[in-house]
Every structure is written in C-alpha cells, then in structure tokens.
Amino acid sequence: MFKNLVVLIPAFNEEAEIESVISGVKKFAIPLVVDDGSTDQTWSIANAAGAIVIKHAENGGYEKALETGFEYFGNSSYDYLITLDADSQHDPEMIGEFYRNLCNGAECVIGVRDKLQRTGEYIFAYVGKLAWGISDPLCGMKAYSKRCFEFKVQNQFDSIGTKYAINAVNHGLTVTQIDIITNDRSDMPRFGTGIAANVHILGALFKVLFCLK
C-alpha cells in the first residue's frame with residue numbers, strides 16, 4: 001500500500017459496485033468515498049468496507065463531491081490523490097501506474113479512455129487536445145499532487161471534474177497522460193446519455209475556456 005496516497009471515489013447510489021471498487025483500491029491506497037446524498041445503501045456499504053466516508057446531506061452533483069474530497073486532501077498529510085469512478089468503469093489495478101508517474105515528477109496524471117460515450121465528449125476531447133494538449137479531459141481517473149491545488153481556481157463552476165487538470169497545464173505544471181481501458185456499466189450511466197448530458201458537457205467546456213485564467 002502507498003501510505004502517502006488517497007483515492008477519492010465520488011459516489012451517488014452506487015450500492016451495487018462500491019464494495020468491489022473499495023476492495024480493489026485498498027490493495028494500493030486509502031479509499032475516500034464522498035457519498036453525494038445517496039438514497040440507497042452506498043454509505044453503509046462503503047463504511048463497512050473500510051473506506052473513509054464523507055456523506056453529503058443531499059445530492060450536489062459530481063463536481064461538488066470532488067470539491068469535498070479535494071478539501072479533505074488539502075487538509076490531510078497525504079502527498080497524492082487519485083480520483084476513481086464508483087461504478088467499476090475504472091480498473092483499480094491502474095492506480096500503481098498513476099502513482100509511479102507522480103513519483104517520477106508528474107504533478108498531474110490524466111487517464112485517456114479507450115472509448116468515449118457521447119458526442120459532447122468527443123467535442124470536449126478535440127478542443128482539449130488543441131487548447132491544452134489533453135486528449136481526454138473528462139476522464140474521471142486523474143491523479144494530483146498537492147501542488148495542483150496551490151493555484152486557486154478563482155471562479156467556482158461545474159467543469160465536470162476538468163478544471164484542476166486544465167489549471168495545472170495553464171500554470172506550467174508537469175502533466176502526463178496514461179491510456180486506460182474502461183469497463184461498461186451494467187445499468188444506465190448516472191450522467192445520462194441524451195441531449196441534456198451533451199448540453200451539460202458543452203456548457204462545462206464553454207466555462208473552462210472562458211472562466212479559467
């Protein structure tokens with residue numbers, strides 16, 4: 001286990017998968033679950049599985065769950081943090097590779113998925129490559145050193161988990177990328193698949209283009 005690493009797992013109604021995700025993470029690091037107002041048994045299962053669990057009283061969205069985890073990390077003694085989805089789409093076995101990149105000098109490590117799900121994701125990825133050299137800004141598996149959070153994001157907005165990685169690029173930090181294989185969900189994605197999801201993604205892209213300085 002990497003004692004100076006915590007793995008942040010934002011979760012909303014993920015009782016079916018959260019125990020196995022935590023089990024995979026515990027081989028490498030301390031799992032930190034932010035239960036974003038789940039109405040199922042996510043909190044109790046995560047707690048029993050041995051994770052550190054922070055519970056929101058009500059659902060605030062993915063970005064809010066991340067911010068709660070980042071705040072915990074900033075006040076902790078851990079040197080590094082990795083974000084991981086709670087739905088088993090990301091393989092915890094990749095944690096070691098992300099960690100090695102951090103130990104070798106990267107301040108931020110970004111996963112590059114083998115497949116994208118929505119039109120908005122392809123557009124975000126295309127712009128991300130041109131604007132910041134990031135092939136898959138929306139990938140939920142990313143790693144950060146504490147230095148990434150020294151450069152404050154002045155405007156708080158929903159970037160779907162992209163703003164701190166993009167901010168790291170904007171401030172000249174060392175950013176690396178790793179190819180990852182994603183697993184399909186067994187049920188409907190929490191983020192949705194229709195027009196509303198694509199509008200949300202494109203709205204986040206607009207915000208990071210014009211709100212990050």
# chains A, B, ... in the order shown; residues from 1 in each chain; ligands from 1
>>> select_by_dssp(residues="region 110-184 of chain A", states="helix (DSSP H, G or I)", output="PyMOL selection string")
chain A and resi 119-132+146-149+163-170
>>> residues_around(residues="Val109 (chain A)", least_positions_apart="5", cutoff="9 Å", atoms="only C-alpha atoms", output="JSON, numbers by chain")
{"A": [82, 98, 99, 101, 102, 141, 142, 143, 144, 165, 174, 175, 176, 177, 178]}
>>> residues_around(residues="Lys64 (chain A)", least_positions_apart="5", cutoff="12 Å", atoms="only C-alpha atoms", output="list in words")
Pro10, Ala11, Phe12, Val34, Asp35, Asp36, Gly37, Lys55, His56, Glu58, Asn59, Gly69, Phe70, Glu71, Gln156, Phe157, Asp158, Ser159, Ile160 and Gly161 of chain A
>>> write_last_selection(atoms="C-alpha atoms", output="PDB file, in the first residue's frame")
ATOM      1  CA  PRO A  10     -17.335  10.219  -5.634  1.00  0.00           C
ATOM      2  CA  ALA A  11     -20.470   8.092  -5.344  1.00  0.00           C
ATOM      3  CA  PHE A  12     -24.198   8.537  -5.836  1.00  0.00           C
ATOM      4  CA  VAL A  34     -17.749  11.008  -0.868  1.00  0.00           C
ATOM      5  CA  ASP A  35     -21.352   9.838  -0.794  1.00  0.00           C
ATOM      6  CA  ASP A  36     -23.212  12.601  -2.608  1.00  0.00           C
ATOM      7  CA  GLY A  37     -26.595  12.269  -0.915  1.00  0.00           C
ATOM      8  CA  LYS A  55     -21.668  11.962   3.301  1.00  0.00           C
ATOM      9  CA  HIS A  56     -23.463  14.949   1.796  1.00  0.00           C
ATOM     10  CA  GLU A  58     -28.280  15.999  -0.256  1.00  0.00           C
ATOM     11  CA  ASN A  59     -27.136  15.393  -3.805  1.00  0.00           C
ATOM     12  CA  GLY A  69     -12.679  15.258  -1.487  1.00  0.00           C
ATOM     13  CA  PHE A  70     -10.127  17.828  -2.644  1.00  0.00           C
ATOM     14  CA  GLU A  71     -10.731  19.868   0.513  1.00  0.00           C
ATOM     15  CA  GLN A 156     -16.117  28.164  -8.977  1.00  0.00           C
ATOM     16  CA  PHE A 157     -18.173  26.409 -11.631  1.00  0.00           C
ATOM     17  CA  ASP A 158     -19.180  22.951 -12.825  1.00  0.00           C
ATOM     18  CA  SER A 159     -16.370  21.734 -15.082  1.00  0.00           C
ATOM     19  CA  ILE A 160     -17.280  18.022 -14.754  1.00  0.00           C
ATOM     20  CA  GLY A 161     -14.003  17.412 -12.963  1.00  0.00           C
TER      21      GLY A 161
END
>>> select_by_dssp(residues="region 31-210 of chain A", states="strand (DSSP E or B)", output="count of residues only")
29
>>> residues_around(residues="Ala86 (chain A)", least_positions_apart="6", cutoff="7 Å", atoms="only C-alpha atoms", output="MDAnalysis selection string")
chainID A and resid 9:11 14 17:18 21
>>> write_last_selection(atoms="N, CA, C and O atoms", output="short mmCIF file (atom, residue, chain, number, x, y, z; two decimals), in the first residue's frame")
data_model
loop_
_atom_site.label_atom_id
_atom_site.label_comp_id
_atom_site.auth_asym_id
_atom_site.auth_seq_id
_atom_site.Cartn_x
_atom_site.Cartn_y
_atom_site.Cartn_z
N ILE A 9 -13.26 8.60 -4.33
CA ILE A 9 -14.32 7.92 -5.08
C ILE A 9 -15.64 8.66 -4.86
O ILE A 9 -16.32 8.43 -3.86
N PRO A 10 -16.02 9.58 -5.75
CA PRO A 10 -17.34 10.22 -5.63
C PRO A 10 -18.41 9.18 -5.95
O PRO A 10 -18.28 8.42 -6.91
N ALA A 11 -19.47 9.15 -5.16
CA ALA A 11 -20.47 8.09 -5.34
C ALA A 11 -21.88 8.62 -5.12
O ALA A 11 -22.13 9.36 -4.15
N GLU A 14 -24.55 4.02 -5.64
CA GLU A 14 -23.68 3.01 -6.25
C GLU A 14 -23.55 1.78 -5.36
O GLU A 14 -22.49 1.15 -5.28
N GLU A 17 -21.90 -1.54 -6.78
CA GLU A 17 -20.49 -1.65 -7.19
C GLU A 17 -19.50 -1.16 -6.14
O GLU A 17 -18.32 -1.50 -6.20
N ILE A 18 -19.94 -0.34 -5.19
CA ILE A 18 -19.00 0.38 -4.35
C ILE A 18 -18.10 -0.55 -3.52
O ILE A 18 -16.91 -0.27 -3.33
N VAL A 21 -15.27 -1.88 -5.73
CA VAL A 21 -14.33 -0.80 -6.05
C VAL A 21 -13.42 -0.52 -4.87
O VAL A 21 -12.19 -0.41 -5.02
#
>>> residues_around(residues="Arg147 (chain A)", least_positions_apart="6", cutoff="10 Å", atoms="only C-alpha atoms", output="list in words")
Gly74, Asp79, Tyr80, Glu107, Cys108, Ala168 and Leu173 of chain A
>>> write_last_selection(atoms="all heavy atoms", output="short mmCIF file (atom, residue, chain, number, x, y, z; two decimals), in the first residue's frame")
data_model
loop_
_atom_site.label_atom_id
_atom_site.label_comp_id
_atom_site.auth_asym_id
_atom_site.auth_seq_id
_atom_site.Cartn_x
_atom_site.Cartn_y
_atom_site.Cartn_z
N GLY A 74 -6.51 18.45 0.85
CA GLY A 74 -5.70 19.63 1.15
C GLY A 74 -5.38 19.78 2.62
O GLY A 74 -4.34 20.34 2.98
N ASP A 79 0.32 13.02 0.28
CA ASP A 79 1.02 13.78 -0.75
C ASP A 79 0.29 13.76 -2.09
O ASP A 79 0.41 14.70 -2.88
CB ASP A 79 2.43 13.20 -0.96
CG ASP A 79 3.30 13.33 0.27
OD1 ASP A 79 3.28 14.41 0.91
OD2 ASP A 79 3.99 12.35 0.61
N TYR A 80 -0.44 12.67 -2.35
CA TYR A 80 -1.04 12.49 -3.66
C TYR A 80 -2.50 12.01 -3.54
O TYR A 80 -2.87 11.34 -2.57
CB TYR A 80 -0.26 11.44 -4.47
CG TYR A 80 1.20 11.72 -4.61
CD1 TYR A 80 2.16 10.84 -4.10
CD2 TYR A 80 1.66 12.88 -5.25
CE1 TYR A 80 3.51 11.09 -4.23
CE2 TYR A 80 3.02 13.13 -5.38
CZ TYR A 80 3.94 12.24 -4.87
OH TYR A 80 5.28 12.49 -5.00
N GLU A 107 3.02 16.28 -11.79
CA GLU A 107 2.15 16.91 -10.80
C GLU A 107 0.69 16.53 -11.02
O GLU A 107 -0.12 16.57 -10.08
CB GLU A 107 2.30 18.45 -10.88
CG GLU A 107 3.70 18.96 -10.69
CD GLU A 107 4.20 18.87 -9.26
OE1 GLU A 107 3.39 18.51 -8.38
OE2 GLU A 107 5.37 19.17 -9.02
N CYS A 108 0.37 16.17 -12.26
CA CYS A 108 -0.99 15.76 -12.60
C CYS A 108 -0.89 14.65 -13.65
O CYS A 108 -0.09 14.75 -14.58
CB CYS A 108 -1.79 16.94 -13.14
SG CYS A 108 -3.49 16.55 -13.61
N ALA A 168 -3.67 23.04 -14.05
CA ALA A 168 -2.28 22.60 -13.93
C ALA A 168 -1.50 22.88 -15.22
O ALA A 168 -0.35 23.34 -15.19
CB ALA A 168 -2.23 21.11 -13.60
N LEU A 173 2.58 23.25 -14.86
CA LEU A 173 2.97 22.07 -14.10
C LEU A 173 3.19 20.88 -15.03
O LEU A 173 2.73 20.87 -16.18
CB LEU A 173 1.88 21.72 -13.08
CG LEU A 173 1.54 22.79 -12.04
CD1 LEU A 173 0.58 22.23 -11.00
CD2 LEU A 173 2.79 23.34 -11.36
#
>>> residues_around(residues="region 132-140 of chain A", least_positions_apart="5", cutoff="8 Å", atoms="only C-alpha atoms", output="ChimeraX atom specification")
/A:83-85,110-113,121,124-126,160-162,165-166,169-170,177
>>> residues_around(residues="Lys27 (chain A)", least_positions_apart="2", cutoff="9 Å", atoms="only C-alpha atoms", output="PyMOL selection string")
chain A and resi 1-2+23-25+29-30+92-93
>>> closest_residue(among="A:Ala16, A:Cys211, A:Ile123, A:Leu8", to="Ser88 (chain A)", atoms="only C-alpha atoms")
A:Ala16
